[in-house]
Structure formats: C-alpha cells, structure tokens
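Written below as structure tokens is the structure these notes are about.
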Amino acid sequence: MICQKAKKIPPFHVMEVLERAQELERNGRNIIHLEIGEPDFPTAPHICAAAASALWSGETKYTHSLGLARLREAIADNYNSKFKLDLKPGQIIVTSGTSPALLLVFMSLLEQGDEVIMSNPHYACYPNFVEYSGGKPVFVHTYEACGFNLEPYAVAGAISSRTKAILINSPCNPTGHVMPPESIRGIAESAGDIPVISDEIYQGLIYNGKDHSILEFTDNAFVLNGFSKLYAMTGWRLGYLIAPEEYIRPLQKLQQNFFICANSFVQHAGIAALEGPQEHVREMLDIYDKRRKFILKRLRDIGFGINYEPEGAYYVLANAKSFSPDSLELSGRLLEEAGVAVTPGIDFGDGAKGYLRFSYANSIENIREGMDRIERYLKTSR
Ligand SMILES: Cc1ncc(COP(=O)(O)O)c(C=O)c1O
C-alpha cells in the first residue's frame, strides 16, 4: 500500500508535459519545446574533458560526503570573489544537483508543522519538499503589476511563531524576475533570527544590472546553487548547499545516510566549470538575451499580457487569461493541437492560474516556429 504522503504529492507538470511531448514525437509529430527549463547548449568541451579524464584516471569511487576539497574551495572562492565574502570551504556541501540540497536543508530544519514562507507563484517543487519534510508552506502572493517581486512588508506580515525559514528565489522560476538588492536586504532584516533559504540556481543568468546573493545581507542563510543552468549541465546532477558552519555536521549526517556523496567524476567537471574559461557562459548569456527580447515581442504581439520585464533566468510568465482561464487546459490544447509544449502556470501555484510559462532555452528558429504555430492556432480556435 502506498503511503498517504506519496499519494498526495502532485506531479511536476512540466515533466508531464515534456513526457507527453516526447510520446507525440515518438509517434511522428514535430513538437516545439518551450516547456522545459533546460539549456539547449551542450556542456562546454573543457568541462566534458575534465570528467572524461577523471573517469579514465580511476576517479570512480565514493568521495568525502561533503564533496572534494578542491571543489568546495572553488565554490567558496567563486562566491567570495563575486560578492566580496569570507566563506570557508567548510560551509559547503556538494550534492547531486540543487534538488537534493533542497531536501537536505528542509530535512535539517523542519519539525512537524513548522512553516516556510515562500512566494506564490514559486518553483513547482518547493511546497512538496516542505510538506514531505513535515513542514507547512505559507504563501505570499507576488503580482504581475509589481513585476512579481517578493515584497519585504508582505513577508514580514506572514511571519508567525511557527516560521522556521523564509525561502527566496532570484532570478526566479517561473517569472524570470530578479529581486532588487533592497528587497533582498529588506527580507533579511524582517527575518531577524529566522534563516533565509536562497535558491540561487539562476545566478549569473541576468540581462540587466548586477547579480546578488543573500550572503551579502545576512550570514543567517542557506544558499542553494548548482551547475545545471549556468553551465548547461542539467544531466550531470551537480549542486551545492552553503550553510552556517554549525549546521554542516547535521547536514553531513543526512547526506551520508541518504545520498553518501555526489558523483566523483562529475565533481571534477564542476572544478573545471568554476576554474576554467567563462567565455562560453558569456556567449550563452548573449544568446539568451536575444531570445528573451524576441519572445517577449512575439508573445505581446500575439496578445499575451506581460506587464513586467523578466530580466533573469530564461522564463516568461505570460498572462493567457484572454485565451483561457484554465492554463492546464490551454497548455494541453497547445501541445496536442498546435504542436508547442509550454508549461501551465498552475504548476507554480494558484498565483499563476491563467498564466503560461514560456522557456526561451531554445533556438530563435524554434522559438519563431513555436510563436507562429501558437499565433495561427489561437486565431483560429477562439
Ligand atoms: C528554482 C529551481 N531550483 C532548483 C531546481 C533544480 O535544479 P537541479 O537540476 O540543480 O536539481 C530548478 C530546476 O529547474 C529550479 O528551477
């Protein structure tokens, strides 16, 4: 018998859309993929070479549960030089992607019924991580009219005696919003003794202004980050957690029990990603920015509402209410009838009801074709 907790967990809709799109493709349909948050670029050759060389030189055993010392140093150096910090490698745990890091942090913080404040819309999986760890998500709505910014006063208003953490995510999935530094500071100040968990997986993927980390504003924070997005390494499964030093030992025990360690040769690839040339990252960023401008114009021309400027990650959360109040139904029709895969807003909480999330991690040619198909379809189906 499957337990109630497992029965209750909702699907990750974007994966369901992707899997249905792949099924259609196996049956000969041509589908344009604008659903998945996955870079279409290959991982850079020097990163692949580092992994291959690690494999051939026998780096195929378990590593230290906290990760390779050199990778932890490279991560600390990276944050220290970018944000003028004084992080120690001893504050870092290397994980098999950001997702296990999320699980570690909630498992180490939450007692039954403890609350975690997060935005709505939010990354689809956050509430599921929290609930599976015994906690209760408390949602603070963010609005298109305010660029989907998570406002410090609204977060302060949601704090209760049960609040165990405040979760932020900038640049944000699904909105592409980048929080201004004053909002991050404001949240850090309102949090007081409550730790802020900052998912910085889209760090570096910003098209205007400067990157920020929660660690510039408070030490009472957990940072989640990884190699999937910036370095186009989704399938490698490599991420990390930065935590206050006193949490490392309990987190290490969870890691030892549940995951043992991250993949050994993949950790060598992570060192190459951080220490090697960054030109390929700048090139990808330039291309994403061109696609961002292109898709924004096309979506607005088609009639989607986008009254804010998504300036980070590679997502646009577009208001589709003039086409349908039901984003799940609309995304289903766009896939089945127009051959374009997009993610229903409902995946990201009821705050994104009636919205569709478009990922522009695809070529301009494919985005153009996807927009043409959607435009034709919506004109004829209204
Ligand atoms: C906001 C956010 N956090 C975490 C993840 C998980 O990333 P990873 O591939 O590192 O597990 C994703 C993936 O899409 C994401 O969008």
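Ordering of the structure tokens sets the chain letters (A, B, ...), residue numbers begin anew at 1 in every chain, and ligands are numbered from 1 in the order given.
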
Distance query segment 313-323 of chain A at most 6 Å, only C-alpha atoms, self and fewer than 4 positions along chain excluded, as a PyMOL selection string: chain A and resi 171+175-176+202+205+304-306+354-360

Given the selection you just returned, output its residues as a file containing N, CA, C and O atoms, formatted as a PDB file, in the first residue's frame.
```pdb
ATOM      1  N   PRO A 171      17.461  35.037  -9.601  1.00  0.00           N
ATOM      2  CA  PRO A 171      16.359  35.143 -10.529  1.00  0.00           C
ATOM      3  C   PRO A 171      15.351  34.015 -10.326  1.00  0.00           C
ATOM      4  O   PRO A 171      15.726  32.917  -9.938  1.00  0.00           O
ATOM      5  N   THR A 175       9.027  33.291 -13.072  1.00  0.00           N
ATOM      6  CA  THR A 175       8.707  34.624 -13.607  1.00  0.00           C
ATOM      7  C   THR A 175       9.875  35.279 -14.346  1.00  0.00           C
ATOM      8  O   THR A 175       9.667  36.238 -15.080  1.00  0.00           O
ATOM      9  N   GLY A 176      11.094  34.817 -14.088  1.00  0.00           N
ATOM     10  CA  GLY A 176      12.262  35.476 -14.653  1.00  0.00           C
ATOM     11  C   GLY A 176      12.584  36.775 -13.928  1.00  0.00           C
ATOM     12  O   GLY A 176      13.474  37.532 -14.325  1.00  0.00           O
ATOM     13  N   TYR A 202      19.779  30.251 -10.580  1.00  0.00           N
ATOM     14  CA  TYR A 202      19.852  31.019 -11.840  1.00  0.00           C
ATOM     15  C   TYR A 202      20.832  32.188 -11.733  1.00  0.00           C
ATOM     16  O   TYR A 202      20.839  33.068 -12.596  1.00  0.00           O
ATOM     17  N   LEU A 205      22.588  34.306 -14.618  1.00  0.00           N
ATOM     18  CA  LEU A 205      21.714  34.427 -15.785  1.00  0.00           C
ATOM     19  C   LEU A 205      20.863  35.685 -15.629  1.00  0.00           C
ATOM     20  O   LEU A 205      19.651  35.614 -15.420  1.00  0.00           O
ATOM     21  N   PHE A 304      -0.642  38.006 -25.500  1.00  0.00           N
ATOM     22  CA  PHE A 304      -0.416  37.612 -24.105  1.00  0.00           C
ATOM     23  C   PHE A 304      -0.089  38.870 -23.295  1.00  0.00           C
ATOM     24  O   PHE A 304       0.539  39.803 -23.798  1.00  0.00           O
ATOM     25  N   GLY A 305      -0.519  38.869 -22.037  1.00  0.00           N
ATOM     26  CA  GLY A 305      -0.243  40.014 -21.174  1.00  0.00           C
ATOM     27  C   GLY A 305       1.096  39.817 -20.466  1.00  0.00           C
ATOM     28  O   GLY A 305       1.296  38.818 -19.776  1.00  0.00           O
ATOM     29  N   ILE A 306       2.023  40.748 -20.702  1.00  0.00           N
ATOM     30  CA  ILE A 306       3.315  40.689 -19.978  1.00  0.00           C
ATOM     31  C   ILE A 306       3.653  42.124 -19.587  1.00  0.00           C
ATOM     32  O   ILE A 306       4.288  42.858 -20.340  1.00  0.00           O
ATOM     33  N   GLY A 354      -4.093  30.799 -14.925  1.00  0.00           N
ATOM     34  CA  GLY A 354      -4.392  31.618 -16.105  1.00  0.00           C
ATOM     35  C   GLY A 354      -3.145  32.132 -16.811  1.00  0.00           C
ATOM     36  O   GLY A 354      -3.245  32.891 -17.770  1.00  0.00           O
ATOM     37  N   TYR A 355      -1.974  31.716 -16.336  1.00  0.00           N
ATOM     38  CA  TYR A 355      -0.716  32.113 -16.981  1.00  0.00           C
ATOM     39  C   TYR A 355      -0.080  30.887 -17.644  1.00  0.00           C
ATOM     40  O   TYR A 355      -0.363  29.741 -17.264  1.00  0.00           O
ATOM     41  N   LEU A 356       0.792  31.151 -18.599  1.00  0.00           N
ATOM     42  CA  LEU A 356       1.619  30.084 -19.169  1.00  0.00           C
ATOM     43  C   LEU A 356       3.067  30.482 -18.988  1.00  0.00           C
ATOM     44  O   LEU A 356       3.421  31.662 -19.119  1.00  0.00           O
ATOM     45  N   ARG A 357       3.909  29.489 -18.688  1.00  0.00           N
ATOM     46  CA  ARG A 357       5.350  29.797 -18.611  1.00  0.00           C
ATOM     47  C   ARG A 357       6.026  29.340 -19.901  1.00  0.00           C
ATOM     48  O   ARG A 357       5.899  28.196 -20.304  1.00  0.00           O
ATOM     49  N   PHE A 358       6.708  30.306 -20.515  1.00  0.00           N
ATOM     50  CA  PHE A 358       7.476  30.005 -21.722  1.00  0.00           C
ATOM     51  C   PHE A 358       8.955  29.991 -21.356  1.00  0.00           C
ATOM     52  O   PHE A 358       9.450  30.931 -20.722  1.00  0.00           O
ATOM     53  N   SER A 359       9.650  28.939 -21.759  1.00  0.00           N
ATOM     54  CA  SER A 359      11.092  28.893 -21.562  1.00  0.00           C
ATOM     55  C   SER A 359      11.741  29.245 -22.894  1.00  0.00           C
ATOM     56  O   SER A 359      11.373  28.680 -23.932  1.00  0.00           O
ATOM     57  N   TYR A 360      12.688  30.184 -22.868  1.00  0.00           N
ATOM     58  CA  TYR A 360      13.375  30.513 -24.136  1.00  0.00           C
ATOM     59  C   TYR A 360      14.762  29.870 -24.205  1.00  0.00           C
ATOM     60  O   TYR A 360      15.656  30.369 -24.900  1.00  0.00           O
TER      61      TYR A 360
END
```

All helix (DSSP H, G or I) positions in segment 132-275 of chain A, as number ranges by chain: A: 132, 144-146, 152-158, 181-191, 214-216, 234-236, 245-258, 264-275

Taking a cut-off of 6 Å and counting only C-alpha atoms and all ligand atoms, can you build a table that, for each residue of chain A near ligand 1, reports the nearest atom pair and how far apart they are in Å (one decimal), sorted by chain then residue number, as JSON lines?
```
{"residue": "A:Gly37", "atom": "CA", "partner": "ligand 1", "partner_atom_place_in_ligand_line": "14 (O)", "distance": 5.5}
{"residue": "A:Gly97", "atom": "CA", "partner": "ligand 1", "partner_atom_place_in_ligand_line": "10 (O)", "distance": 3.8}
{"residue": "A:Thr98", "atom": "CA", "partner": "ligand 1", "partner_atom_place_in_ligand_line": "10 (O)", "distance": 3.5}
{"residue": "A:Ser99", "atom": "CA", "partner": "ligand 1", "partner_atom_place_in_ligand_line": "11 (O)", "distance": 3.9}
{"residue": "A:Tyr123", "atom": "CA", "partner": "ligand 1", "partner_atom_place_in_ligand_line": "1 (C)", "distance": 5.2}
{"residue": "A:Asn173", "atom": "CA", "partner": "ligand 1", "partner_atom_place_in_ligand_line": "1 (C)", "distance": 5.1}
{"residue": "A:Ile201", "atom": "CA", "partner": "ligand 1", "partner_atom_place_in_ligand_line": "3 (N)", "distance": 5.9}
{"residue": "A:Gly226", "atom": "CA", "partner": "ligand 1", "partner_atom_place_in_ligand_line": "10 (O)", "distance": 5.0}
{"residue": "A:Ser228", "atom": "CA", "partner": "ligand 1", "partner_atom_place_in_ligand_line": "9 (O)", "distance": 5.0}
{"residue": "A:Thr234", "atom": "CA", "partner": "ligand 1", "partner_atom_place_in_ligand_line": "9 (O)", "distance": 5.2}
{"residue": "A:Gly239", "atom": "CA", "partner": "ligand 1", "partner_atom_place_in_ligand_line": "10 (O)", "distance": 5.4}
```

Which of segment 108-282 of chain A fall in strand (DSSP E), as a PyMOL selection string: chain A and resi 115-120+136-141+163-169+196-199+221-226+239-242

Selection to disk with N, CA, C and O atoms, as a CSV table (one decimal), in the first residue's frame:
```
chain,number,residue,atom,x,y,z
A,115,GLU,N,6.6,26.3,9.7
A,115,GLU,CA,6.2,27.0,8.5
A,115,GLU,C,7.4,27.5,7.7
A,115,GLU,O,8.3,27.9,8.3
A,116,VAL,N,7.2,27.4,6.4
A,116,VAL,CA,8.2,28.0,5.5
A,116,VAL,C,7.5,29.0,4.6
A,116,VAL,O,6.6,28.6,3.9
A,117,ILE,N,7.9,30.3,4.7
A,117,ILE,CA,7.3,31.3,3.8
A,117,ILE,C,8.0,31.3,2.4
A,117,ILE,O,9.2,31.2,2.3
A,118,MET,N,7.1,31.3,1.4
A,118,MET,CA,7.6,31.3,0.0
A,118,MET,C,6.7,32.1,-0.8
A,118,MET,O,5.5,32.3,-0.5
A,119,SER,N,7.1,32.5,-2.0
A,119,SER,CA,6.3,33.3,-2.9
A,119,SER,C,5.3,32.4,-3.6
A,119,SER,O,5.4,31.2,-3.6
A,120,ASN,N,4.3,33.0,-4.1
A,120,ASN,CA,3.3,32.3,-5.0
A,120,ASN,C,3.0,33.3,-6.1
A,120,ASN,O,2.4,34.3,-5.9
A,136,LYS,N,5.0,23.2,6.6
A,136,LYS,CA,3.8,23.7,6.0
A,136,LYS,C,4.2,25.0,5.2
A,136,LYS,O,4.8,25.9,5.8
A,137,PRO,N,4.0,25.0,3.9
A,137,PRO,CA,4.3,26.2,3.1
A,137,PRO,C,3.3,27.3,3.4
A,137,PRO,O,2.1,27.0,3.5
A,138,VAL,N,3.8,28.5,3.6
A,138,VAL,CA,3.0,29.7,3.8
A,138,VAL,C,3.2,30.6,2.6
A,138,VAL,O,4.4,31.0,2.4
A,139,PHE,N,2.2,30.9,1.8
A,139,PHE,CA,2.4,31.6,0.6
A,139,PHE,C,2.2,33.1,0.7
A,139,PHE,O,1.3,33.5,1.3
A,140,VAL,N,3.1,33.8,0.1
A,140,VAL,CA,3.0,35.3,0.0
A,140,VAL,C,2.8,35.5,-1.5
A,140,VAL,O,3.7,35.2,-2.3
A,141,HIS,N,1.7,36.1,-1.9
A,141,HIS,CA,1.4,36.3,-3.3
A,141,HIS,C,2.3,37.4,-3.9
A,141,HIS,O,2.6,38.4,-3.2
A,163,THR,N,7.2,30.1,12.1
A,163,THR,CA,8.0,30.3,10.9
A,163,THR,C,9.4,29.8,11.2
A,163,THR,O,10.1,30.2,12.1
A,164,LYS,N,9.9,28.8,10.3
A,164,LYS,CA,11.2,28.3,10.5
A,164,LYS,C,12.2,28.8,9.5
A,164,LYS,O,13.4,28.7,9.7
A,165,ALA,N,11.6,29.2,8.4
A,165,ALA,CA,12.5,29.7,7.3
A,165,ALA,C,11.7,30.5,6.3
A,165,ALA,O,10.5,30.4,6.2
A,166,ILE,N,12.5,31.4,5.6
A,166,ILE,CA,11.9,32.2,4.5
A,166,ILE,C,12.7,31.8,3.3
A,166,ILE,O,13.9,31.8,3.2
A,167,LEU,N,11.9,31.4,2.2
A,167,LEU,CA,12.6,30.9,1.0
A,167,LEU,C,12.4,31.9,-0.1
A,167,LEU,O,11.3,32.4,-0.4
A,168,ILE,N,13.6,32.3,-0.6
A,168,ILE,CA,13.5,33.2,-1.8
A,168,ILE,C,14.2,32.6,-3.0
A,168,ILE,O,15.0,31.7,-2.8
A,169,ASN,N,14.0,33.1,-4.2
A,169,ASN,CA,14.5,32.6,-5.4
A,169,ASN,C,14.6,33.7,-6.4
A,169,ASN,O,13.7,34.1,-7.0
A,196,VAL,N,17.1,32.6,6.2
A,196,VAL,CA,16.6,32.8,4.8
A,196,VAL,C,17.3,31.7,4.0
A,196,VAL,O,18.5,31.5,4.0
A,197,ILE,N,16.4,31.0,3.2
A,197,ILE,CA,16.9,30.0,2.3
A,197,ILE,C,16.9,30.6,0.9
A,197,ILE,O,15.8,31.0,0.5
A,198,SER,N,18.0,30.7,0.3
A,198,SER,CA,18.0,31.4,-1.0
A,198,SER,C,18.4,30.5,-2.1
A,198,SER,O,19.6,30.0,-2.1
A,199,ASP,N,17.5,30.2,-3.0
A,199,ASP,CA,17.8,29.4,-4.2
A,199,ASP,C,18.4,30.2,-5.3
A,199,ASP,O,17.7,31.0,-5.9
A,221,ALA,N,21.8,32.3,6.7
A,221,ALA,CA,21.2,32.0,5.4
A,221,ALA,C,21.8,30.6,4.9
A,221,ALA,O,22.9,30.3,5.2
A,222,PHE,N,20.9,30.0,4.1
A,222,PHE,CA,21.3,28.8,3.4
A,222,PHE,C,21.2,29.1,1.9
A,222,PHE,O,20.2,29.6,1.5
A,223,VAL,N,22.3,28.8,1.2
A,223,VAL,CA,22.3,29.1,-0.2
A,223,VAL,C,22.3,27.8,-1.0
A,223,VAL,O,23.0,26.9,-0.7
A,224,LEU,N,21.3,27.7,-2.0
A,224,LEU,CA,21.3,26.6,-2.9
A,224,LEU,C,21.8,27.0,-4.2
A,224,LEU,O,21.3,28.1,-4.7
A,225,ASN,N,22.6,26.2,-4.8
A,225,ASN,CA,23.1,26.6,-6.1
A,225,ASN,C,23.5,25.3,-6.8
A,225,ASN,O,23.6,24.3,-6.2
A,226,GLY,N,23.8,25.4,-8.1
A,226,GLY,CA,24.3,24.2,-8.8
A,226,GLY,C,24.8,24.6,-10.2
A,226,GLY,O,24.8,25.7,-10.6
A,239,GLY,N,25.2,20.0,-7.6
A,239,GLY,CA,24.8,21.2,-7.0
A,239,GLY,C,25.5,21.4,-5.7
A,239,GLY,O,26.4,20.6,-5.3
A,240,TYR,N,25.1,22.4,-4.9
A,240,TYR,CA,25.7,22.5,-3.6
A,240,TYR,C,24.9,23.4,-2.7
A,240,TYR,O,24.0,24.1,-3.1
A,241,LEU,N,25.2,23.2,-1.4
A,241,LEU,CA,24.5,24.0,-0.3
A,241,LEU,C,25.6,24.7,0.5
A,241,LEU,O,26.6,24.1,0.8
A,242,ILE,N,25.3,26.0,0.7
A,242,ILE,CA,26.2,26.8,1.6
A,242,ILE,C,25.4,27.0,2.9
A,242,ILE,O,24.3,27.5,2.8
```

Leu330 of chain A surroundings by only C-alpha atoms, 12 Å radius, close-in-sequence under 4 positions cut, as a PyMOL selection string: chain A and resi 319-326+334-338+340-346+353-357+374+377-378+381-382

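Close contacts of Glu245 of chain A, defined as residues with an atom at most 10 Å away when counting only C-alpha atoms, with chain neighbours fewer than 5 positions off set aside, comprise Leu87, Lys88, Pro89, Gly90, Gln91 and Ile92 of chain A.
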
Shortest interatomic distance to Thr63 of chain A - which of A:Tyr79, A:Gln203, A:Pro39, A:Asn263, counting only C-alpha atoms: A:Asn263

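Taking atom CA of Arg292 of chain A and atom CA of Ala21 of chain A as the two end points, the separation is 23.0 Å.
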
Closest of A:Ala188, A:Ala6, A:Ile36, A:Leu254 to Asn128 of chain A - atom-to-atom distances counting only C-alpha atoms: A:Ala6

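For the pair atom CA of Asp211 of chain A and atom CA of Asp289 of chain A, the separation is 15.5 Å.
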
Near-Phe83 of chain A list (8 Å; only C-alpha atoms; drop same-chain fewer than 6 positions) as a PyMOL selection string: chain A and resi 212-213+216
